[in-house]
Structures are given as structure tokens and as C-alpha cells.
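A.B. asks: Enclosed is the structure file model.tsv (TSV, C-alpha atoms and all ligand atoms).
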```
chain	number	residue	atom	x	y	z
A	24	MET	CA	27.33	-38.11	-45.08
A	25	CYS	CA	26.29	-35.10	-43.07
A	26	THR	CA	23.72	-35.24	-40.34
A	27	LEU	CA	20.71	-32.99	-40.79
A	28	SER	CA	19.65	-31.01	-37.79
A	29	ILE	CA	16.06	-30.02	-37.22
A	30	LYS	CA	15.12	-26.63	-38.65
A	31	GLN	CA	12.09	-24.90	-40.17
A	32	ASN	CA	10.27	-27.33	-42.54
A	33	SER	CA	12.32	-30.38	-41.57
A	34	VAL	CA	10.34	-33.61	-41.67
A	35	VAL	CA	10.96	-35.04	-38.22
A	36	THR	CA	10.07	-38.54	-37.04
A	37	PHE	CA	10.28	-39.38	-33.37
A	38	HIS	CA	9.21	-41.79	-30.68
A	39	TYR	CA	7.74	-40.32	-27.54
A	40	THR	CA	6.51	-41.23	-24.12
A	41	LEU	CA	4.38	-38.67	-22.33
A	42	LYS	CA	4.08	-38.76	-18.54
A	43	ASP	CA	2.30	-36.63	-16.00
A	44	ASP	CA	4.09	-35.15	-12.99
A	45	SER	CA	3.60	-38.32	-10.96
A	46	GLY	CA	5.41	-40.34	-13.63
A	47	GLU	CA	2.32	-42.07	-14.93
A	48	VAL	CA	2.38	-42.71	-18.69
A	49	ILE	CA	-0.39	-40.77	-20.44
A	50	ASP	CA	0.53	-41.63	-24.01
A	51	SER	CA	3.34	-43.32	-25.90
A	52	SER	CA	4.32	-44.27	-29.43
A	53	SER	CA	6.24	-47.25	-28.07
A	54	GLY	CA	5.25	-50.39	-29.93
A	55	SER	CA	3.67	-48.47	-32.79
A	56	GLU	CA	4.69	-46.18	-35.63
A	57	PRO	CA	6.71	-43.14	-34.57
A	58	LEU	CA	5.10	-39.75	-35.11
A	59	ALA	CA	6.10	-37.62	-38.10
A	60	TYR	CA	5.55	-33.87	-38.39
A	61	LEU	CA	6.64	-30.84	-40.35
A	62	HIS	CA	8.81	-28.72	-38.07
A	63	GLY	CA	7.88	-25.11	-37.39
A	64	HIS	CA	4.17	-25.32	-38.17
A	65	GLY	CA	2.67	-25.75	-34.72
A	66	GLN	CA	1.72	-29.38	-35.37
A	67	ILE	CA	3.06	-30.49	-32.00
A	68	VAL	CA	2.88	-28.63	-28.68
A	69	GLY	CA	4.93	-25.45	-28.79
A	70	GLY	CA	7.16	-26.20	-25.83
A	71	LEU	CA	8.24	-29.49	-27.38
A	72	GLU	CA	8.74	-28.09	-30.88
A	73	ARG	CA	11.14	-25.44	-29.54
A	74	GLU	CA	13.27	-28.07	-27.77
A	75	LEU	CA	13.52	-30.19	-30.92
A	76	GLU	CA	15.01	-27.31	-32.93
A	77	GLY	CA	18.63	-28.13	-33.84
A	78	ARG	CA	18.45	-31.79	-32.79
A	79	ALA	CA	19.46	-34.69	-35.04
A	80	VAL	CA	18.76	-38.38	-35.62
A	81	GLY	CA	19.53	-40.51	-32.59
A	82	ASP	CA	19.16	-37.65	-30.13
A	83	LYS	CA	17.31	-38.57	-26.97
A	84	LEU	CA	15.91	-35.83	-24.81
A	85	SER	CA	13.61	-35.32	-21.87
A	86	VAL	CA	11.45	-32.23	-22.14
A	87	LYS	CA	9.23	-30.78	-19.47
A	88	VAL	CA	6.54	-28.57	-20.96
A	89	ALA	CA	4.60	-26.35	-18.59
A	90	ALA	CA	0.82	-26.53	-18.91
A	91	ALA	CA	0.65	-23.04	-20.45
A	92	ASP	CA	3.04	-24.16	-23.21
A	93	GLY	CA	1.24	-27.47	-23.68
A	94	TYR	CA	-2.53	-27.77	-23.84
A	95	GLY	CA	-3.13	-24.57	-21.87
A	96	GLU	CA	-4.13	-23.76	-18.33
A	97	TYR	CA	-7.38	-25.18	-17.07
A	98	ASN	CA	-10.09	-22.62	-17.89
A	99	LYS	CA	-13.13	-22.66	-15.63
A	100	GLU	CA	-15.07	-20.58	-18.15
A	101	LEU	CA	-15.08	-23.58	-20.50
A	102	VAL	CA	-17.12	-25.53	-17.96
A	103	GLN	CA	-20.86	-25.07	-18.28
A	104	LYS	CA	-24.02	-26.61	-16.90
A	105	VAL	CA	-26.82	-27.11	-19.37
A	106	PRO	CA	-30.27	-28.64	-19.11
A	107	ARG	CA	-30.42	-32.17	-20.46
A	108	ARG	CA	-33.17	-31.12	-22.89
A	109	SER	CA	-30.70	-28.76	-24.64
A	110	LEU	CA	-28.78	-31.88	-25.71
A	111	LYS	CA	-31.72	-33.30	-27.58
A	112	GLY	CA	-31.04	-36.14	-29.93
A	113	ILE	CA	-28.34	-37.56	-27.66
A	114	ALA	CA	-29.47	-40.67	-25.84
A	115	ASN	CA	-28.10	-41.99	-22.55
A	116	ILE	CA	-25.94	-39.04	-21.54
A	117	SER	CA	-23.28	-40.28	-19.17
A	118	VAL	CA	-20.07	-39.09	-17.56
A	119	GLY	CA	-17.09	-39.41	-19.89
A	120	MET	CA	-19.15	-39.00	-23.08
A	121	ARG	CA	-17.56	-36.74	-25.70
A	122	LEU	CA	-19.77	-34.28	-27.57
A	123	HIS	CA	-19.56	-31.19	-29.71
A	124	ALA	CA	-21.26	-28.21	-28.15
A	125	GLN	CA	-21.61	-24.47	-28.56
A	126	THR	CA	-19.57	-22.65	-25.91
A	127	ALA	CA	-18.49	-19.08	-25.23
A	128	ALA	CA	-15.43	-19.92	-27.37
A	129	GLY	CA	-17.49	-21.31	-30.27
A	130	ALA	CA	-18.22	-24.91	-31.20
A	131	ARG	CA	-15.78	-27.26	-29.57
A	132	ALA	CA	-15.29	-30.76	-28.25
A	133	VAL	CA	-16.54	-31.15	-24.70
A	134	VAL	CA	-16.71	-34.01	-22.28
A	135	VAL	CA	-19.57	-34.74	-19.90
A	136	THR	CA	-18.11	-34.52	-16.39
A	137	HIS	CA	-21.23	-34.63	-14.23
A	138	VAL	CA	-24.92	-35.47	-14.55
A	139	ALA	CA	-27.29	-34.45	-11.76
A	140	GLY	CA	-31.02	-34.69	-12.32
A	141	ASP	CA	-31.83	-32.56	-15.33
A	142	MET	CA	-28.47	-30.75	-15.39
A	143	VAL	CA	-25.44	-31.88	-17.35
A	144	THR	CA	-21.96	-30.44	-16.80
A	145	LEU	CA	-19.84	-30.06	-19.94
A	146	ASP	CA	-16.11	-29.35	-19.85
A	147	GLY	CA	-14.53	-27.84	-22.98
A	148	ASN	CA	-10.96	-27.99	-21.68
A	149	HIS	CA	-8.50	-30.28	-23.42
A	150	PRO	CA	-8.19	-33.47	-21.34
A	151	LEU	CA	-4.56	-32.51	-20.64
A	152	ALA	CA	-5.24	-28.83	-19.85
A	153	GLY	CA	-3.60	-27.65	-16.64
A	154	GLN	CA	-1.08	-30.51	-16.67
A	155	ASN	CA	2.65	-30.30	-17.12
A	156	LEU	CA	3.78	-32.60	-19.92
A	157	ASN	CA	6.91	-34.68	-19.42
A	158	PHE	CA	8.16	-36.06	-22.71
A	159	ASP	CA	10.89	-38.61	-23.34
A	160	ILE	CA	11.81	-38.24	-26.99
A	161	GLU	CA	14.00	-40.16	-29.40
A	162	VAL	CA	14.52	-38.61	-32.82
A	163	THR	CA	14.42	-41.43	-35.37
A	164	ASP	CA	14.57	-39.53	-38.66
A	165	VAL	CA	15.18	-36.03	-40.01
A	166	ARG	CA	14.88	-35.26	-43.70
A	167	GLU	CA	14.10	-32.44	-46.10
A	168	PRO	CA	10.43	-32.11	-47.07
A	169	THR	CA	9.26	-32.83	-50.61
A	170	GLU	CA	7.72	-29.96	-52.58
A	171	GLU	CA	4.36	-31.66	-52.25
A	172	GLU	CA	4.66	-31.89	-48.48
A	173	LEU	CA	5.58	-28.21	-48.28
A	174	SER	CA	2.62	-27.21	-50.41
A	175	HIS	CA	0.24	-29.38	-48.35
A	176	GLY	CA	1.77	-28.25	-45.07
A	177	HIS	CA	2.03	-31.78	-43.67
A	178	VAL	CA	4.10	-34.94	-43.87
A	179	HIS	CA	3.28	-37.80	-46.23
A	180	GLY	CA	4.05	-41.45	-45.64
A	181	PRO	CA	4.80	-43.38	-42.47
A	182	GLY	CA	3.64	-41.51	-39.37
A	183	GLY	CA	2.07	-38.77	-41.51
A	184	HIS	CA	-0.79	-38.40	-43.95
A	185	HIS	CA	-1.75	-41.17	-46.36
A	186	HIS	CA	-3.66	-39.81	-49.31
B	1	ZN	ZN	-0.87	-33.98	-48.30
```
Will you turn the file into C-alpha cells for me?
C.D. replies:
Amino acid sequence: MCTLSIKQNSVVTFHYTLKDDSGEVIDSSSGSEPLAYLHGHGQIVGGLERELEGRAVGDKLSVKVAAADGYGEYNKELVQKVPRRSLKGIANISVGMRLHAQTAAGARAVVVTHVAGDMVTLDGNHPLAGQNLNFDIEVTDVREPTEEELSHGHVHGPGGHHH
């Protein structure tokens, strides 16, 4: 039996642990279902997808993805202060709350980072923007996609879409 290596449209399943530069775990699939994705479609961060190219089942790799290749550099222009009254209909605005707001870059998810008097600071950066991403990866499965998966552009079944 030959071993498939990861190429365009491979269905790849992997376990991951994501750490910041200080070694603190930000996210991990450990103890839950591994993640499945369709290779070559930008469904995972670009820097990681490139490193997975050509790998096979059982491969373990550590990948450092620079912020710019991950969730982007931190962009100060995505931080805005708005009057509380412009967020009408939202009760009890507090730091850490996630909202959708209109920004210079269109409607996007923002997080409340500061509340002072009548002014609320909203940050539209991804929570991991500006951070290097340190992944420990173990490839657990590589297979060919089904025709249906190719036409949908995503993986079906464990770790993927259920519909
Ligand atoms: Zn589908």
C-alpha cells in the first residue's frame, strides 16, 4: 500500500497544539477530534498549509508561522472609539464583549477593549493578530477527496462538515 502525500485537494486530518512565543498553549485539538481540511484552499493559515505540502500520515512537525503569514499584523486602524449611544440595542457593554460593527474595512467582528464614560473602544483585529504562531502538528490521515467534497469545497465527516 502506498502512502499518500499531501497535495492540492488532499483531505488532511491532523492534531495540533498552538503556542505563543512564550510557550503558552493558545489552542489545541488534544483530547478532541482532530481537524480536517481540504488542502490548497486557504482553509488553514497560509504559513501552516505550505509546510504541510508533501507530508504524509504519521508525520510530526513543528511550524513557526510569522504573524504576517498567520492572522496578520496588528492594525491600529482597526481600533476605533465610538460613543456608547452608537451601539444602541446592546445592553451592559463590557470589556471582552464580542460584537459586529461597521469599520473602515466593512462589517466585521470586533471586541470591546476599553470602556471609559460614554466612549467605547472596539478592536477589529483578530485576537491572534500580531502574534507568531507556533504549531506542533501530527498528521493523522491523508486521503483523496470525494467528488462531493470537491464540489462543495470542504471536507465531510469527522473533523469536517456534517450536513
Ligand atoms: Zn458539503
A.B. asks: Choose the residue, out of A:Thr163, A:Arg107, A:Arg121, A:Ala130, that has the smallest atom-to-atom separation from Met142 in chain A; count all atoms listed in the file.
C.D. replies: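 Of A:Thr163, A:Arg107, A:Arg121, A:Ala130, the one nearest Met142 in chain A is A:Arg107, counting all atoms listed in the file.
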A.B. asks: Given the point (14.4, -22.9, -37.6) in the coordinates of this file, which residues lie within 9 Å, counting all atoms listed in the file, and how would they look as an mmCIF file with C-alpha atoms, in the coordinates of the input?
C.D. replies:
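So point_33.cif came out as:
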```
data_model
loop_
_atom_site.group_PDB
_atom_site.id
_atom_site.type_symbol
_atom_site.label_atom_id
_atom_site.label_comp_id
_atom_site.auth_asym_id
_atom_site.auth_seq_id
_atom_site.Cartn_x
_atom_site.Cartn_y
_atom_site.Cartn_z
ATOM 1 C CA ILE A 29 16.060 -30.020 -37.220
ATOM 2 C CA LYS A 30 15.120 -26.630 -38.650
ATOM 3 C CA GLN A 31 12.090 -24.900 -40.170
ATOM 4 C CA ASN A 32 10.270 -27.330 -42.540
ATOM 5 C CA SER A 33 12.320 -30.380 -41.570
ATOM 6 C CA HIS A 62 8.810 -28.720 -38.070
ATOM 7 C CA GLY A 63 7.880 -25.110 -37.390
ATOM 8 C CA GLU A 76 15.010 -27.310 -32.930
ATOM 9 C CA GLY A 77 18.630 -28.130 -33.840
#
```
A.B. asks: My list of candidates is A:Arg108, A:Leu61, A:Ala152, A:Leu75. Which is closest to ligand ZN 1 (chain B) when distances are computed with all atoms listed in the file?
C.D. replies: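 Smallest distance to ligand ZN 1 (chain B) is found for A:Leu61.
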A.B. asks: Please identify all polymer residues within 12 Å of Ile49 in chain A, counting only C-alpha atoms, omitting same-chain residues fewer than 6 positions from it, and present them as a PyMOL selection string.
C.D. replies: chain A and resi 39-43+150-151+154-159
A.B. asks: What is the distance between CA of Val68 in chain A and CA of Lys87 in chain A, in Å to one decimal?
C.D. replies: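 CA of Lys87 in chain A lies at a distance of 11.4 Å from CA of Val68 in chain A.
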A.B. asks: Produce a table with one row for each residue of chain A that has an atom at most 9 Å from any atom of ligand ZN 1 (chain B), each row naming the nearest atom pair and its distance in Å at one decimal; use all atoms listed in the file; arrange rows by chain and rising residue number; format as CSV.
C.D. replies:
```
residue,atom,partner,partner_atom,distance
A:Glu171,CA,B:ZN1,ZN,7.0
A:Glu172,CA,B:ZN1,ZN,5.9
A:Leu173,CA,B:ZN1,ZN,8.7
A:Ser174,CA,B:ZN1,ZN,7.9
A:His175,CA,B:ZN1,ZN,4.7
A:Gly176,CA,B:ZN1,ZN,7.1
A:His177,CA,B:ZN1,ZN,5.9
A:Val178,CA,B:ZN1,ZN,6.7
A:His179,CA,B:ZN1,ZN,6.0
A:Gly183,CA,B:ZN1,ZN,8.8
A:His184,CA,B:ZN1,ZN,6.2
A:His185,CA,B:ZN1,ZN,7.5
A:His186,CA,B:ZN1,ZN,6.5
```
A.B. asks: Restricting the calculation to all atoms listed in the file, which member of A:Ala132, A:Val138, A:Leu58, A:Leu71 is positioned closest to Gly93 in chain A?
C.D. replies: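 The closest residue to Gly93 in chain A is A:Leu71.
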A.B. asks: Need to verify the contact set: Ala59 in chain A, 6 Å, only C-alpha atoms, exclusion of same-chain residues closer than 4 positions in sequence. Can you return it as number ranges by chain?
C.D. replies: A: 35-36, 182-183
A.B. asks: Measure the distance from CA of Gly81 in chain A to CA of Asp164 in chain A in Å and round it to one decimal.
C.D. replies: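 Result for CA of Gly81 in chain A versus CA of Asp164 in chain A: 7.9 Å, one decimal.
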A.B. asks: Pick the closest to Ala124 in chain A from A:Gly140, A:Gly147, A:Gly69, A:Pro57: which is it, counting only C-alpha atoms?
C.D. replies: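 Among the listed residues, A:Gly147 lies closest to Ala124 in chain A.
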A.B. asks: Please return as a PyMOL selection string every residue within 10 Å of (-10.7, -29.0, -20.9), taking into account all atoms listed in the file and the file's own coordinates.
C.D. replies: chain A and resi 94-102+132-134+145-153
A.B. asks: Output the selection as a JSON list (two decimals), keeping the file's coordinate frame - C-alpha atoms for each residue.
C.D. replies:
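The resulting file, result_3.json, is shown below:
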```
[["chain", "number", "residue", "atom", "x", "y", "z"],
["A", 94, "TYR", "CA", -2.53, -27.77, -23.84],
["A", 95, "GLY", "CA", -3.13, -24.57, -21.87],
["A", 96, "GLU", "CA", -4.13, -23.76, -18.33],
["A", 97, "TYR", "CA", -7.38, -25.18, -17.07],
["A", 98, "ASN", "CA", -10.09, -22.62, -17.89],
["A", 99, "LYS", "CA", -13.13, -22.66, -15.63],
["A", 100, "GLU", "CA", -15.07, -20.58, -18.15],
["A", 101, "LEU", "CA", -15.08, -23.58, -20.50],
["A", 102, "VAL", "CA", -17.12, -25.53, -17.96],
["A", 132, "ALA", "CA", -15.29, -30.76, -28.25],
["A", 133, "VAL", "CA", -16.54, -31.15, -24.70],
["A", 134, "VAL", "CA", -16.71, -34.01, -22.28],
["A", 145, "LEU", "CA", -19.84, -30.06, -19.94],
["A", 146, "ASP", "CA", -16.11, -29.35, -19.85],
["A", 147, "GLY", "CA", -14.53, -27.84, -22.98],
["A", 148, "ASN", "CA", -10.96, -27.99, -21.68],
["A", 149, "HIS", "CA", -8.50, -30.28, -23.42],
["A", 150, "PRO", "CA", -8.19, -33.47, -21.34],
["A", 151, "LEU", "CA", -4.56, -32.51, -20.64],
["A", 152, "ALA", "CA", -5.24, -28.83, -19.85],
["A", 153, "GLY", "CA", -3.60, -27.65, -16.64]]
```
A.B. asks: Quick one: pull the distance between CA of Gln103 in chain A and CA of Ala91 in chain A, Å, one decimal.
C.D. replies: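 Going from CA of Gln103 in chain A over to CA of Ala91 in chain A, I get 21.7 Å.
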